[in-house]
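So this one's final35.tsv, TSV, C-alpha atoms:
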chain	number	residue	atom	x	y	z
E	296	MET	CA	28.44	59.40	43.05
E	297	SER	CA	29.20	55.68	42.65
E	298	ALA	CA	29.63	55.85	38.87
E	299	LEU	CA	33.21	55.85	37.68
E	300	PRO	CA	34.24	59.36	36.61
E	301	ARG	CA	36.26	58.10	33.64
E	302	ASP	CA	37.56	55.05	31.86
E	303	MET	CA	40.38	53.86	34.11
E	304	ASN	CA	42.00	52.15	31.15
E	305	ALA	CA	42.62	55.64	29.80
E	306	VAL	CA	44.01	56.81	33.15
E	307	VAL	CA	46.49	53.99	33.71
E	308	GLY	CA	49.65	54.81	31.82
E	309	ALA	CA	48.60	58.38	31.14
E	310	ALA	CA	48.45	59.82	34.67
E	311	ASP	CA	49.94	59.43	38.11
E	312	ILE	CA	47.78	57.68	40.72
E	313	VAL	CA	47.62	58.55	44.42
E	314	LEU	CA	45.83	56.52	47.09
E	315	ILE	CA	45.50	58.16	50.50
E	316	THR	CA	44.04	56.30	53.48
E	317	LEU	CA	42.95	58.16	56.60
E	318	ASP	CA	43.40	55.37	59.08
E	319	SER	CA	40.37	54.56	61.28
E	320	LEU	CA	38.45	57.66	60.20
E	321	ARG	CA	34.71	57.33	60.78
E	322	TYR	CA	32.33	58.53	58.09
E	323	ASP	CA	30.26	60.55	60.57
E	324	VAL	CA	33.36	62.29	61.88
E	325	ALA	CA	34.62	63.11	58.39
E	326	GLN	CA	31.25	64.45	57.28
E	327	ALA	CA	30.79	66.54	60.44
E	328	ALA	CA	34.21	68.10	59.93
E	329	PHE	CA	33.34	68.87	56.29
E	330	ALA	CA	30.00	70.44	57.23
E	331	ALA	CA	31.68	72.62	59.85
E	332	GLY	CA	34.20	73.97	57.35
E	333	GLU	CA	37.15	72.34	59.09
E	334	LEU	CA	38.59	70.71	55.95
E	335	PRO	CA	39.33	73.52	53.51
E	336	THR	CA	42.05	71.63	51.63
E	337	LEU	CA	40.01	68.49	51.07
E	338	ALA	CA	36.74	70.41	50.59
E	339	ALA	CA	38.23	72.09	47.52
E	340	HIS	CA	38.12	68.65	45.84
E	341	LEU	CA	34.97	67.19	47.39
E	342	PRO	CA	31.49	67.58	45.87
E	343	PRO	CA	29.12	70.11	47.48
E	344	GLU	CA	27.50	67.42	49.60
E	345	GLY	CA	30.84	66.29	51.03
E	346	TRP	CA	32.13	62.76	51.43
E	347	GLU	CA	30.55	59.73	49.83
E	348	ARG	CA	29.61	57.06	52.37
E	349	ARG	CA	30.87	53.64	51.38
E	350	HIS	CA	31.40	50.24	53.00
E	351	THR	CA	34.90	49.02	53.75
E	352	PRO	CA	35.94	45.50	52.71
E	353	GLY	CA	37.84	45.07	56.01
E	354	THR	CA	37.33	46.07	59.63
E	355	PHE	CA	40.97	46.75	60.49
E	356	THR	CA	44.07	48.07	58.77
E	357	LEU	CA	45.68	44.85	57.54
E	358	ALA	CA	42.53	43.31	56.10
E	359	ALA	CA	41.32	46.54	54.50
E	360	HIS	CA	44.62	47.34	52.83
E	361	GLN	CA	45.10	43.81	51.58
E	362	ALA	CA	41.72	44.25	49.89
E	363	PHE	CA	42.56	47.73	48.57
E	364	PHE	CA	45.81	46.53	47.03
E	365	SER	CA	43.87	43.69	45.41
E	366	GLY	CA	41.60	46.25	43.75
E	367	PHE	CA	38.73	46.17	46.25
E	368	LEU	CA	38.34	49.79	47.32
E	369	PRO	CA	35.40	50.72	49.60
E	370	THR	CA	32.13	49.60	48.03
E	371	PRO	CA	29.46	52.14	46.98
E	372	LEU	CA	26.07	51.84	48.60
E	373	GLY	CA	23.05	50.59	46.68
E	374	PRO	CA	22.34	47.61	44.43
E	375	HIS	CA	25.27	45.61	43.11
E	376	PRO	CA	27.32	45.07	41.08
E	377	HIS	CA	29.58	48.11	41.37
E	378	PRO	CA	32.35	48.12	38.71
E	379	ARG	CA	35.73	48.77	40.31
E	380	PRO	CA	38.37	51.25	39.11
E	381	PHE	CA	41.14	48.63	39.41
E	382	ALA	CA	41.10	44.85	39.54
E	383	CYS	CA	43.33	41.81	39.39
E	384	ALA	CA	42.12	39.32	36.82
E	385	PHE	CA	40.32	36.30	38.20
E	386	GLY	CA	37.51	34.13	36.95
E	387	GLY	CA	33.99	34.85	38.10
E	388	SER	CA	34.42	38.48	39.14
E	389	VAL	CA	31.17	40.43	38.76
E	390	SER	CA	32.72	43.80	39.63
E	391	ILE	CA	35.01	44.10	36.61
E	392	GLY	CA	33.44	46.40	34.03
E	393	ALA	CA	34.38	47.92	30.71
E	394	HIS	CA	36.00	50.90	32.49
E	395	THR	CA	37.96	48.80	34.99
E	396	ALA	CA	41.74	48.70	34.61
E	397	VAL	CA	42.52	44.98	34.93
E	398	PHE	CA	45.98	43.64	35.75
E	399	ASP	CA	47.32	40.13	35.24
E	400	ALA	CA	49.06	40.38	38.60
E	401	PRO	CA	48.54	39.29	42.23
E	402	ASP	CA	47.89	42.90	43.30
E	403	ILE	CA	47.40	46.29	41.71
E	404	VAL	CA	50.76	47.54	43.02
E	405	HIS	CA	52.66	45.00	40.92
E	406	GLY	CA	50.12	45.50	38.15
E	407	LEU	CA	50.89	49.21	37.96
E	408	ALA	CA	54.62	48.51	38.21
E	409	GLY	CA	54.22	46.29	35.17
E	410	ARG	CA	52.69	49.25	33.33
E	411	GLY	CA	55.76	51.39	34.03
E	412	TYR	CA	54.82	53.00	37.33
E	413	HIS	CA	57.25	53.66	40.16
E	414	THR	CA	55.43	52.43	43.28
E	415	ALA	CA	56.01	54.14	46.63
E	416	CYS	CA	54.49	53.62	50.07
E	417	ILE	CA	54.50	55.89	53.12
E	418	GLY	CA	53.18	54.01	56.12
E	419	GLY	CA	51.82	55.31	59.37
E	420	THR	CA	50.20	52.62	61.50
E	421	GLY	CA	51.82	49.49	62.88
E	422	PHE	CA	51.13	47.25	59.90
E	423	PHE	CA	53.62	49.37	57.95
E	424	ASN	CA	56.29	49.28	60.66
E	425	PRO	CA	59.26	47.21	59.37
E	426	GLU	CA	60.56	46.49	62.88
E	427	GLY	CA	58.68	43.16	62.73
E	428	PRO	CA	58.06	40.67	59.89
E	429	LEU	CA	54.30	41.37	59.77
E	430	GLY	CA	55.09	45.02	59.17
E	431	TRP	CA	56.78	44.08	55.88
E	432	VAL	CA	53.77	42.35	54.34
E	433	LEU	CA	52.14	45.47	52.88
E	434	PRO	CA	55.24	47.66	52.26
E	435	SER	CA	57.02	44.81	50.46
E	436	LEU	CA	54.56	45.19	47.57
E	437	PHE	CA	56.17	48.53	46.69
E	438	ALA	CA	59.47	49.40	45.05
E	439	GLU	CA	60.00	52.09	47.67
E	440	ALA	CA	58.62	52.07	51.21
E	441	HIS	CA	58.93	54.43	54.16
E	442	TRP	CA	57.96	54.20	57.81
E	443	GLU	CA	59.47	56.09	60.69
E	444	HIS	CA	58.53	57.20	64.18
E	445	ALA	CA	57.71	60.65	62.82
E	446	THR	CA	55.05	59.27	60.43
E	447	SER	CA	53.48	56.97	63.01
E	448	VAL	CA	50.74	57.07	65.63
E	449	PHE	CA	53.43	57.99	68.15
E	450	ASP	CA	53.97	61.52	66.76
E	451	ASP	CA	51.26	64.19	66.63
E	452	GLY	CA	53.20	65.82	63.78
E	453	SER	CA	52.98	62.71	61.61
E	454	ALA	CA	50.75	64.24	58.93
E	455	ALA	CA	53.22	66.99	58.07
E	456	ARG	CA	56.13	64.53	57.99
E	457	SER	CA	54.22	62.12	55.74
E	458	VAL	CA	53.39	64.95	53.36
E	459	ALA	CA	57.02	66.08	53.26
E	460	LEU	CA	58.12	62.57	52.30
E	461	ALA	CA	55.37	62.36	49.67
E	462	VAL	CA	56.31	65.69	48.11
E	463	ASP	CA	59.93	64.55	47.87
E	464	ILE	CA	58.88	61.33	46.11
E	465	VAL	CA	56.70	63.24	43.62
E	466	ARG	CA	59.47	65.70	42.80
E	467	ARG	CA	62.18	63.08	42.23
E	468	THR	CA	60.07	60.66	40.20
E	469	PRO	CA	60.28	61.65	36.53
E	470	GLY	CA	58.05	58.91	35.19
E	471	ARG	CA	54.63	57.64	36.15
E	472	LEU	CA	54.03	57.27	39.89
E	473	PHE	CA	51.71	55.24	42.08
E	474	LEU	CA	51.94	56.83	45.50
E	475	PHE	CA	50.25	55.40	48.58
E	476	VAL	CA	50.10	57.32	51.87
E	477	ASN	CA	48.62	55.94	55.09
E	478	PHE	CA	47.95	58.81	57.52
E	479	ALA	CA	48.24	57.67	61.13
E	480	ALA	CA	47.15	60.89	62.83
E	481	VAL	CA	43.46	59.96	62.82
E	482	HIS	CA	44.18	56.56	64.37
E	483	LYS	CA	44.23	56.17	68.13
E	484	PRO	CA	45.71	57.90	70.10
E	485	THR	CA	44.13	61.20	69.04
E	486	ILE	CA	43.79	62.72	72.52
E	487	GLY	CA	46.75	65.00	71.96
E	488	PHE	CA	44.97	66.87	69.16
E	489	LEU	CA	42.22	68.24	71.42
E	490	PRO	CA	43.43	70.25	74.43
E	491	GLY	CA	41.82	69.08	77.63
E	492	ALA	CA	40.65	65.74	76.24
E	493	THR	CA	40.98	62.80	78.62
E	494	GLU	CA	39.77	59.95	76.40
E	495	GLU	CA	39.42	58.94	72.77
E	496	SER	CA	36.24	60.22	71.13
E	497	PRO	CA	34.80	61.37	67.82
E	498	ALA	CA	35.80	64.89	68.88
E	499	THR	CA	39.47	64.00	69.29
E	500	GLN	CA	39.50	62.20	65.94
E	501	ARG	CA	37.86	65.19	64.29
E	502	ALA	CA	40.58	67.45	65.71
E	503	ALA	CA	43.22	65.06	64.36
E	504	LEU	CA	41.59	65.10	60.93
E	505	ALA	CA	41.87	68.88	60.83
E	506	THR	CA	45.65	68.58	61.25
E	507	VAL	CA	45.83	66.18	58.30
E	508	ASP	CA	43.83	68.58	56.16
E	509	ALA	CA	46.10	71.44	57.18
E	510	ALA	CA	49.15	69.41	56.13
E	511	LEU	CA	47.86	68.19	52.75
E	512	GLY	CA	48.21	71.42	50.77
E	513	PRO	CA	51.85	71.00	49.67
E	514	LEU	CA	51.18	67.48	48.42
E	515	PHE	CA	48.21	68.47	46.28
E	516	GLU	CA	50.21	71.39	44.91
E	517	ALA	CA	53.12	69.10	44.01
E	518	LEU	CA	51.03	66.55	42.12
E	519	ARG	CA	51.08	66.76	38.36
E	520	PRO	CA	47.98	67.79	36.37
E	521	GLY	CA	45.72	64.85	35.62
E	522	THR	CA	46.78	62.86	38.70
E	523	PHE	CA	43.99	60.49	39.75
E	524	VAL	CA	43.46	60.75	43.52
E	525	VAL	CA	41.52	58.49	45.87
E	526	VAL	CA	41.09	59.52	49.52
E	527	CYS	CA	39.26	57.21	51.89
E	528	ALA	CA	39.35	55.57	55.28
E	529	ASP	CA	40.33	51.93	55.62
E	530	HIS	CA	37.74	51.43	58.37
E	531	GLY	CA	36.03	53.35	61.16
E	532	THR	CA	36.15	52.83	64.91
E	533	THR	CA	33.85	52.83	67.93
E	534	HIS	CA	34.02	54.74	71.19
E	535	GLY	CA	31.53	52.88	73.34
E	536	GLU	CA	28.54	53.06	71.01
E	537	ASP	CA	26.26	50.07	71.67
E	538	GLY	CA	28.94	48.81	74.04
E	539	TYR	CA	31.62	48.48	71.35
E	540	TRP	CA	35.15	49.88	71.55
E	541	GLY	CA	37.74	50.07	68.79
E	542	HIS	CA	37.49	48.22	65.48
E	543	ARG	CA	38.03	44.73	64.01
E	544	LEU	CA	34.35	44.20	64.68
E	545	ALA	CA	31.09	44.38	62.74
E	546	HIS	CA	29.40	47.67	63.58
E	547	PRO	CA	28.11	50.39	61.18
E	548	LEU	CA	30.59	52.89	62.62
E	549	VAL	CA	33.38	50.55	61.54
E	550	TRP	CA	31.89	49.54	58.17
E	551	ASP	CA	30.90	53.07	57.05
E	552	VAL	CA	33.87	55.02	55.68
E	553	PRO	CA	34.34	58.34	53.86
E	554	TYR	CA	35.40	58.11	50.22
E	555	ALA	CA	36.32	60.60	47.50
E	556	GLU	CA	38.03	60.41	44.10
E	557	TRP	CA	38.99	63.06	41.59
E	558	ALA	CA	41.48	64.00	38.89
E	559	LEU	CA	43.58	67.12	39.37
The structure in this file should be written as structure tokens.
Amino acid sequence: MSALPRDMNAVVGAADIVLITLDSLRYDVAQAAFAAGELPTLAAHLPPEGWERRHTPGTFTLAAHQAFFSGFLPTPLGPHPHPRPFACAFGGSVSIGAHTAVFDAPDIVHGLAGRGYHTACIGGTGFFNPEGPLGWVLPSLFAEAHWEHATSVFDDGSAARSVALAVDIVRRTPGRLFLFVNFAAVHKPTIGFLPGATEESPATQRAALATVDAALGPLFEALRPGTFVVVCADHGTTHGEDGYWGHRLAHPLVWDVPYAEWAL
């Protein structure tokens, strides 16, 4: 599954591109939900075996997304090097292959903008919250950026609101579009998604993931044919395993993330 499905140089300029991050989603949680049939919307685009397990380049939201926007998406397992779909040109890179779309830019967001794409960001977690200067670092890469209480970790209906904003952007963008959506629902707190839950757990995150899947349908229906889609987690999280809690730490449950890519 680690081989690129197509020459990304043929995709860039010819198709819209959508990057969806499911914030903090553990690989084991995502795969368990897939196996139980709880992700019908996503499962329609996943291979029969479900999610691909990859390694994140960062253990928390800011670091992971800085890497993603620099072209370093989660790394496939197995022997290196793994050619990347997108990259910013720099000397000595061993992960730029013949099928990699390479930009002479500081990040792939500006690189795609230079190729005629309208770039739009819908943020969920705190690193996309413009109420403080740090919250502008990632959104400022984009021509259009959105964050609101209703798309954040503070609202259990955030997935549906994020999708509604995304659908609006797709429908009013006549030219090529690079759309990024960070879903906050699967990030702590997820207790509210599982009735009776009293603490964060893989079960509460799995329940939150089901609400994201239930909300995604209108977005996938609105995307234009040929759109290249990447769905992945930025990192995982721990709930007491081996004495660890949360993320921003080196543990397999944080490093291992679900990944999928396809063209509509």
ask   = Near region 496-513 of chain E, counting all atoms listed in the file, which residues have an atom at most 6 Å away, once you skip same-chain residues fewer than 6 positions from it, shown as a VMD selection string?
value = chain E and resid 324 334 336 454 to 455 480 to 481 485 to 486 488 to 489 534
inquiry  = Rounded to one decimal, what separation in Å do you get between CA of Trp540 (chain E) and CA of Glu426 (chain E)?
reply    = 27.1 Å
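Using all atoms listed in the file, the smallest distance between any of E:Arg519, E:Ala310, E:Leu559, E:Met303 and Arg379 (chain E) comes from E:Met303.
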key: Test item: residues at most 8 Å from Tyr412 (chain E), only C-alpha atoms, excluding those fewer than 2 positions along its chain, as a PyMOL selection string   = chain E and resi 308+407-410+414+470-473
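Non-sequential neighbours of Ala400 (chain E) (distance at most 10 Å, separation of 3 or more positions within a chain, all atoms listed in the file) are Ser365, Ala382, Cys383, Ala384, Phe385, Val397, Ile403, Val404, His405, Gly406, Leu407, Ala408 and Gly409 of chain E.
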request  = Using CA of His542 (chain E) and CA of Phe478 (chain E) as the two end points, give the distance in Å to one decimal.
outcome  = 16.9 Å
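Among the candidates E:Glu536, E:Asp318, E:Asp311, E:Asp302, the one nearest to Val448 (chain E) when counting only C-alpha atoms is E:Asp318.
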Ala338 (chain E) surroundings by all atoms listed in the file, 10 Å radius, close-in-sequence under 6 positions cut, as a PDB file with C-alpha atoms, in the frame of the given file:
ATOM      1  CA  ALA E 328      34.210  68.100  59.930  1.00  0.00           C
ATOM      2  CA  PHE E 329      33.340  68.870  56.290  1.00  0.00           C
ATOM      3  CA  ALA E 330      30.000  70.440  57.230  1.00  0.00           C
ATOM      4  CA  GLY E 332      34.200  73.970  57.350  1.00  0.00           C
ATOM      5  CA  GLU E 344      27.500  67.420  49.600  1.00  0.00           C
ATOM      6  CA  GLY E 345      30.840  66.290  51.030  1.00  0.00           C
ATOM      7  CA  TRP E 346      32.130  62.760  51.430  1.00  0.00           C
ATOM      8  CA  ASP E 508      43.830  68.580  56.160  1.00  0.00           C
TER       9      ASP E 508
END
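Our summary of the geometry notes that CA of Asn477 (chain E) is positioned 8.5 Å from CA of Leu314 (chain E).
For the residues E:Ala358, E:Ile315, E:Leu337, E:Leu372, ranking by smallest atom-to-atom distance to Val458 (chain E) using all atoms listed in the file places E:Ile315 first.
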Once N, CA and C atoms are restored for region 479-507 of chain E, what would the output be as a PDB file, in the coordinates of the input?
ATOM      1  N   ALA E 479      48.458  58.272  59.818  1.00  0.00           N
ATOM      2  CA  ALA E 479      48.240  57.670  61.130  1.00  0.00           C
ATOM      3  C   ALA E 479      47.599  58.620  62.132  1.00  0.00           C
ATOM      4  N   ALA E 480      47.586  59.910  61.831  1.00  0.00           N
ATOM      5  CA  ALA E 480      47.150  60.890  62.830  1.00  0.00           C
ATOM      6  C   ALA E 480      45.730  60.650  63.316  1.00  0.00           C
ATOM      7  N   VAL E 481      44.851  60.161  62.440  1.00  0.00           N
ATOM      8  CA  VAL E 481      43.460  59.960  62.820  1.00  0.00           C
ATOM      9  C   VAL E 481      43.210  58.613  63.488  1.00  0.00           C
ATOM     10  N   HIS E 482      44.263  57.810  63.639  1.00  0.00           N
ATOM     11  CA  HIS E 482      44.180  56.560  64.370  1.00  0.00           C
ATOM     12  C   HIS E 482      44.525  56.820  65.840  1.00  0.00           C
ATOM     13  N   LYS E 483      43.917  56.070  66.708  1.00  0.00           N
ATOM     14  CA  LYS E 483      44.230  56.170  68.130  1.00  0.00           C
ATOM     15  C   LYS E 483      45.734  56.085  68.364  1.00  0.00           C
ATOM     16  N   PRO E 484      46.333  56.919  69.227  1.00  0.00           N
ATOM     17  CA  PRO E 484      45.710  57.900  70.100  1.00  0.00           C
ATOM     18  C   PRO E 484      45.551  59.264  69.436  1.00  0.00           C
ATOM     19  N   THR E 485      44.378  59.864  69.577  1.00  0.00           N
ATOM     20  CA  THR E 485      44.130  61.200  69.040  1.00  0.00           C
ATOM     21  C   THR E 485      43.875  62.224  70.148  1.00  0.00           C
ATOM     22  N   ILE E 486      44.055  61.819  71.385  1.00  0.00           N
ATOM     23  CA  ILE E 486      43.790  62.720  72.520  1.00  0.00           C
ATOM     24  C   ILE E 486      44.620  63.988  72.427  1.00  0.00           C
ATOM     25  N   GLY E 487      45.860  63.855  71.973  1.00  0.00           N
ATOM     26  CA  GLY E 487      46.750  65.000  71.960  1.00  0.00           C
ATOM     27  C   GLY E 487      46.345  66.114  71.021  1.00  0.00           C
ATOM     28  N   PHE E 488      45.399  65.853  70.115  1.00  0.00           N
ATOM     29  CA  PHE E 488      44.970  66.870  69.160  1.00  0.00           C
ATOM     30  C   PHE E 488      43.874  67.789  69.709  1.00  0.00           C
ATOM     31  N   LEU E 489      43.302  67.445  70.841  1.00  0.00           N
ATOM     32  CA  LEU E 489      42.220  68.240  71.420  1.00  0.00           C
ATOM     33  C   LEU E 489      42.592  68.612  72.843  1.00  0.00           C
ATOM     34  N   PRO E 490      43.021  69.845  73.073  1.00  0.00           N
ATOM     35  CA  PRO E 490      43.430  70.250  74.430  1.00  0.00           C
ATOM     36  C   PRO E 490      42.338  69.965  75.456  1.00  0.00           C
ATOM     37  N   GLY E 491      42.751  69.375  76.561  1.00  0.00           N
ATOM     38  CA  GLY E 491      41.820  69.080  77.630  1.00  0.00           C
ATOM     39  C   GLY E 491      41.145  67.737  77.529  1.00  0.00           C
ATOM     40  N   ALA E 492      41.295  67.042  76.399  1.00  0.00           N
ATOM     41  CA  ALA E 492      40.650  65.740  76.240  1.00  0.00           C
ATOM     42  C   ALA E 492      41.304  64.711  77.150  1.00  0.00           C
ATOM     43  N   THR E 493      40.486  63.835  77.709  1.00  0.00           N
ATOM     44  CA  THR E 493      40.980  62.800  78.620  1.00  0.00           C
ATOM     45  C   THR E 493      40.755  61.393  78.094  1.00  0.00           C
ATOM     46  N   GLU E 494      39.997  61.263  76.989  1.00  0.00           N
ATOM     47  CA  GLU E 494      39.770  59.950  76.400  1.00  0.00           C
ATOM     48  C   GLU E 494      39.506  60.082  74.911  1.00  0.00           C
ATOM     49  N   GLU E 495      39.685  58.974  74.206  1.00  0.00           N
ATOM     50  CA  GLU E 495      39.420  58.940  72.770  1.00  0.00           C
ATOM     51  C   GLU E 495      37.931  59.172  72.508  1.00  0.00           C
ATOM     52  N   SER E 496      37.627  59.919  71.457  1.00  0.00           N
ATOM     53  CA  SER E 496      36.240  60.220  71.130  1.00  0.00           C
ATOM     54  C   SER E 496      36.148  60.689  69.686  1.00  0.00           C
ATOM     55  N   PRO E 497      34.942  60.777  69.145  1.00  0.00           N
ATOM     56  CA  PRO E 497      34.800  61.370  67.820  1.00  0.00           C
ATOM     57  C   PRO E 497      35.372  62.781  67.765  1.00  0.00           C
ATOM     58  N   ALA E 498      35.280  63.520  68.856  1.00  0.00           N
ATOM     59  CA  ALA E 498      35.800  64.890  68.880  1.00  0.00           C
ATOM     60  C   ALA E 498      37.313  64.921  68.748  1.00  0.00           C
ATOM     61  N   THR E 499      38.020  64.002  69.409  1.00  0.00           N
ATOM     62  CA  THR E 499      39.470  64.000  69.290  1.00  0.00           C
ATOM     63  C   THR E 499      39.898  63.554  67.893  1.00  0.00           C
ATOM     64  N   GLN E 500      39.166  62.611  67.300  1.00  0.00           N
ATOM     65  CA  GLN E 500      39.500  62.200  65.940  1.00  0.00           C
ATOM     66  C   GLN E 500      39.240  63.328  64.955  1.00  0.00           C
ATOM     67  N   ARG E 501      38.173  64.055  65.170  1.00  0.00           N
ATOM     68  CA  ARG E 501      37.860  65.190  64.290  1.00  0.00           C
ATOM     69  C   ARG E 501      38.956  66.251  64.369  1.00  0.00           C
ATOM     70  N   ALA E 502      39.482  66.493  65.564  1.00  0.00           N
ATOM     71  CA  ALA E 502      40.580  67.450  65.710  1.00  0.00           C
ATOM     72  C   ALA E 502      41.832  66.947  64.992  1.00  0.00           C
ATOM     73  N   ALA E 503      42.069  65.632  65.064  1.00  0.00           N
ATOM     74  CA  ALA E 503      43.220  65.060  64.360  1.00  0.00           C
ATOM     75  C   ALA E 503      43.056  65.190  62.855  1.00  0.00           C
ATOM     76  N   LEU E 504      41.843  64.982  62.361  1.00  0.00           N
ATOM     77  CA  LEU E 504      41.590  65.100  60.930  1.00  0.00           C
ATOM     78  C   LEU E 504      41.886  66.504  60.424  1.00  0.00           C
ATOM     79  N   ALA E 505      41.581  67.499  61.231  1.00  0.00           N
ATOM     80  CA  ALA E 505      41.870  68.880  60.830  1.00  0.00           C
ATOM     81  C   ALA E 505      43.362  69.105  60.638  1.00  0.00           C
ATOM     82  N   THR E 506      44.202  68.425  61.427  1.00  0.00           N
ATOM     83  CA  THR E 506      45.650  68.580  61.250  1.00  0.00           C
ATOM     84  C   THR E 506      46.124  67.919  59.957  1.00  0.00           C
ATOM     85  N   VAL E 507      45.486  66.813  59.574  1.00  0.00           N
ATOM     86  CA  VAL E 507      45.830  66.180  58.300  1.00  0.00           C
ATOM     87  C   VAL E 507      45.454  67.109  57.152  1.00  0.00           C
TER      88      VAL E 507
END
